[in-house]
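Here the structure is laid out as structure tokens; the discussion comes afterwards.
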Amino acid sequence: MFLNIPGNLMTKIEPDNLPRHIAIIMDGNGRWAKRHAMGRIRGHKKGAQAVRATVTACRELGIEYLTLYAFSTENWGRPDDEIKALMSLLREYLEKEEKALQKREIKLTTIGDIDKLYPAVKTKLKEVMRETQNNRKMVLNLALSYGSRDEIIAGIKKMMEDNLKGKLEISEVNVDVVERYLFTHDMPDPDLLIRTSGEYRISNFLLWQLAYTELYFTDVLWPDFKKEDLLKAIHAYQQRERRFGLTGEQTDKNKVSVKK
Ligand code: FPP
């Protein structure tokens with residue numbers, strides 16, 4: 001697949017070396033709005049459009065899992081009007097996109113504490129998740145009221161409860177067992193993490209799951225993120241040598257692959 005990316009001329013994307021799972025920290029909505037002399041909420045609205053375009057592009061490319069960090073546990077500390085606007089945008093997104101998700105056979109899932117979301121958002125989310133549960137072409141996984149430390153703590157508590165009930169022995173606890181207790185138990189770890197807006201942080205996102213993920217940072221602000229930016233990130237990913245702690249010779253010979 002040859003792609004004409006401005007500034008890069010012909011960039012080759014290898015169709016058989018696509019990341020199975022892309023996770024994105026969508027950052028820079030506020031700064032985008034400021035640059036355009038607008039209020040922060042206008043930045044989030046434009047950000048929602050970038051979500052639509054990115055979901056479409058990932059589906060066209062054949063990406064199996066796309067996880068978007070849409071609302072963190074820390075985001076509850078933002079001004080009330082911003083929280084309210086973000087909740088409305090989410091509901092609007094679900095209402096407008098549910099038909100398209102169904103048509104394109106995209107399954108919607110979430111990670112995070114969705115009980116904390118505004119009731120109208122939670123109701124709509126559950127409806128769209130139920131409707132799309134049998135879709136198999138792609139998983140769109142929204143991280144909502146999500147924090148990785150909370151996820152790990154919830155997993156530890158559940159493991160301890162299971163231990164007390166005699167369902168889990170301490171000697172049985174290993175990487176595979178811990179993964180079963182995380183919100184992401186039914187998906188592979190991300191192969192590629194993209195963070196927009198020139199910030200170099202993980203911000204409490206998928207701390208366990210990113211252990212061997214390739215990290216890609218771009219200065220592009222999320223509302224400006226386009227298909228060509230996604231392709232650039234995938235192209236950069238395809239230039240990396242993933243060694244998973246082994247030597248280059250070992251991974252060349254054995255073609256180490258990602259778990260699951
Ligand atoms: C970070 O930008 C972005 C968020 C906290 C919210 C992300 C939400 C959207 C992209 C829109 C709605 C989502 C969906 C799934 C429809 P920021 O506000 O922290 O930006 P700043 O760092 O420039 O202030």
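Residue numbering restarts at 1 in every chain; chains get A, B, ... in the order shown in the structure tokens, and ligands count up from 1 in that same order.
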
Selection within 6 Å of ligand 1 by only C-alpha atoms and all ligand atoms, output as a ChimeraX atom specification: /A:26-31,44,47-48,70-71,86,89-90,93

When DSSP is applied to the backbone of this structure, which of stretch 77-175 of chain A are assigned helix (DSSP H, G or I)? Write them out as number ranges by chain. A: 77, 80-103, 114-116, 119-132, 148-164, 170-172, 175

Going by DSSP on the backbone, which residues of stretch 126-205 of chain A come out as strand (DSSP E or B)? List them as a list in words. Met138, Val139, Leu140, Asn141, Leu142, Ala143, Leu144, Ser145, Tyr146, Leu192, Leu193, Ile194 and Arg195 of chain A

Go ahead and save the residues from that selection, with N, CA, C and O atoms, as an mmCIF file, in the first residue's frame.
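Output file again04.cif follows:
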```cif
data_model
loop_
_atom_site.group_PDB
_atom_site.id
_atom_site.type_symbol
_atom_site.label_atom_id
_atom_site.label_comp_id
_atom_site.auth_asym_id
_atom_site.auth_seq_id
_atom_site.Cartn_x
_atom_site.Cartn_y
_atom_site.Cartn_z
ATOM 1 N N MET A 138 -13.992 -4.535 13.806
ATOM 2 C CA MET A 138 -13.080 -3.692 14.596
ATOM 3 C C MET A 138 -13.697 -3.474 15.971
ATOM 4 O O MET A 138 -14.924 -3.522 16.110
ATOM 5 N N VAL A 139 -12.835 -3.253 16.965
ATOM 6 C CA VAL A 139 -13.330 -2.879 18.298
ATOM 7 C C VAL A 139 -12.935 -1.426 18.547
ATOM 8 O O VAL A 139 -11.754 -1.075 18.448
ATOM 9 N N LEU A 140 -13.944 -0.604 18.833
ATOM 10 C CA LEU A 140 -13.676 0.770 19.267
ATOM 11 C C LEU A 140 -13.874 0.780 20.778
ATOM 12 O O LEU A 140 -14.993 0.583 21.267
ATOM 13 N N ASN A 141 -12.768 0.970 21.479
ATOM 14 C CA ASN A 141 -12.788 0.863 22.936
ATOM 15 C C ASN A 141 -12.577 2.260 23.531
ATOM 16 O O ASN A 141 -11.513 2.851 23.368
ATOM 17 N N LEU A 142 -13.611 2.794 24.187
ATOM 18 C CA LEU A 142 -13.489 4.143 24.756
ATOM 19 C C LEU A 142 -13.091 4.047 26.226
ATOM 20 O O LEU A 142 -13.764 3.366 27.009
ATOM 21 N N ALA A 143 -12.006 4.725 26.592
ATOM 22 C CA ALA A 143 -11.609 4.806 27.998
ATOM 23 C C ALA A 143 -12.348 5.988 28.607
ATOM 24 O O ALA A 143 -12.105 7.140 28.252
ATOM 25 N N LEU A 144 -13.285 5.673 29.492
ATOM 26 C CA LEU A 144 -14.178 6.705 30.049
ATOM 27 C C LEU A 144 -14.168 6.624 31.562
ATOM 28 O O LEU A 144 -14.395 5.539 32.115
ATOM 29 N N SER A 145 -13.940 7.739 32.213
ATOM 30 C CA SER A 145 -13.737 7.748 33.657
ATOM 31 C C SER A 145 -12.723 6.665 33.990
ATOM 32 O O SER A 145 -12.921 5.831 34.864
ATOM 33 N N TYR A 146 -11.658 6.681 33.199
ATOM 34 C CA TYR A 146 -10.623 5.638 33.282
ATOM 35 C C TYR A 146 -9.358 6.174 33.930
ATOM 36 O O TYR A 146 -8.908 7.283 33.638
ATOM 37 N N LEU A 192 0.799 0.043 19.382
ATOM 38 C CA LEU A 192 1.223 1.416 19.133
ATOM 39 C C LEU A 192 0.405 2.376 19.996
ATOM 40 O O LEU A 192 -0.819 2.289 20.015
ATOM 41 N N LEU A 193 1.121 3.246 20.716
ATOM 42 C CA LEU A 193 0.446 4.329 21.458
ATOM 43 C C LEU A 193 0.793 5.650 20.781
ATOM 44 O O LEU A 193 1.968 5.943 20.565
ATOM 45 N N ILE A 194 -0.232 6.425 20.476
ATOM 46 C CA ILE A 194 -0.012 7.757 19.890
ATOM 47 C C ILE A 194 -0.446 8.785 20.924
ATOM 48 O O ILE A 194 -1.519 8.649 21.525
ATOM 49 N N ARG A 195 0.394 9.787 21.179
ATOM 50 C CA ARG A 195 -0.051 10.930 21.985
ATOM 51 C C ARG A 195 0.153 12.195 21.178
ATOM 52 O O ARG A 195 1.252 12.449 20.660
#
```

Would you list the contacts of A:Ala57 as a ChimeraX atom specification, taking every protein, DNA or RNA residue within 12 Å and counting only C-alpha atoms, but skipping same-chain residues closer than 5 positions in sequence? /A:22,50-52,62-64,66,104,138,225-231,234

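For the pair atom CA of A:Ile152 and atom CA of A:Tyr200, the interatomic distance is 22.3 Å.
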
Point out the residue among A:Lys103, A:Lys116, A:Arg35, A:Arg20 with the least atom-to-atom distance to A:Thr56, counting only C-alpha atoms. A:Lys103

For A:Leu207, work out the shell of residues within 12 Å, counting only C-alpha atoms and skipping chain neighbours fewer than 2 positions away, then give it as a ChimeraX atom specification. /A:146-152,179,182,184,189-190,193,201-205,209-213

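With only C-alpha atoms as the atoms that count, the minimum distance from A:Lys137 to the choices A:Gln238, A:Gln102, A:Thr196, A:Ser171 is reached by A:Gln102.
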
Neighbours of A:Tyr181 within 9 Å (only C-alpha atoms; same-chain residues fewer than 5 positions away dropped), as a list in words? Glu151, Ile152, Ala154, Gly155, Ile156, Lys158 and Met159 of chain A

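Rounded to one decimal, atom CA of A:Arg240 and atom CA of A:Ile24 lie 18.1 Å from each other.
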
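With only C-alpha atoms as the basis for measurement, A:Ile25 is the residue among A:Ile13, A:Arg78, A:Ile25, A:Leu94 that approaches A:Thr218 most closely.
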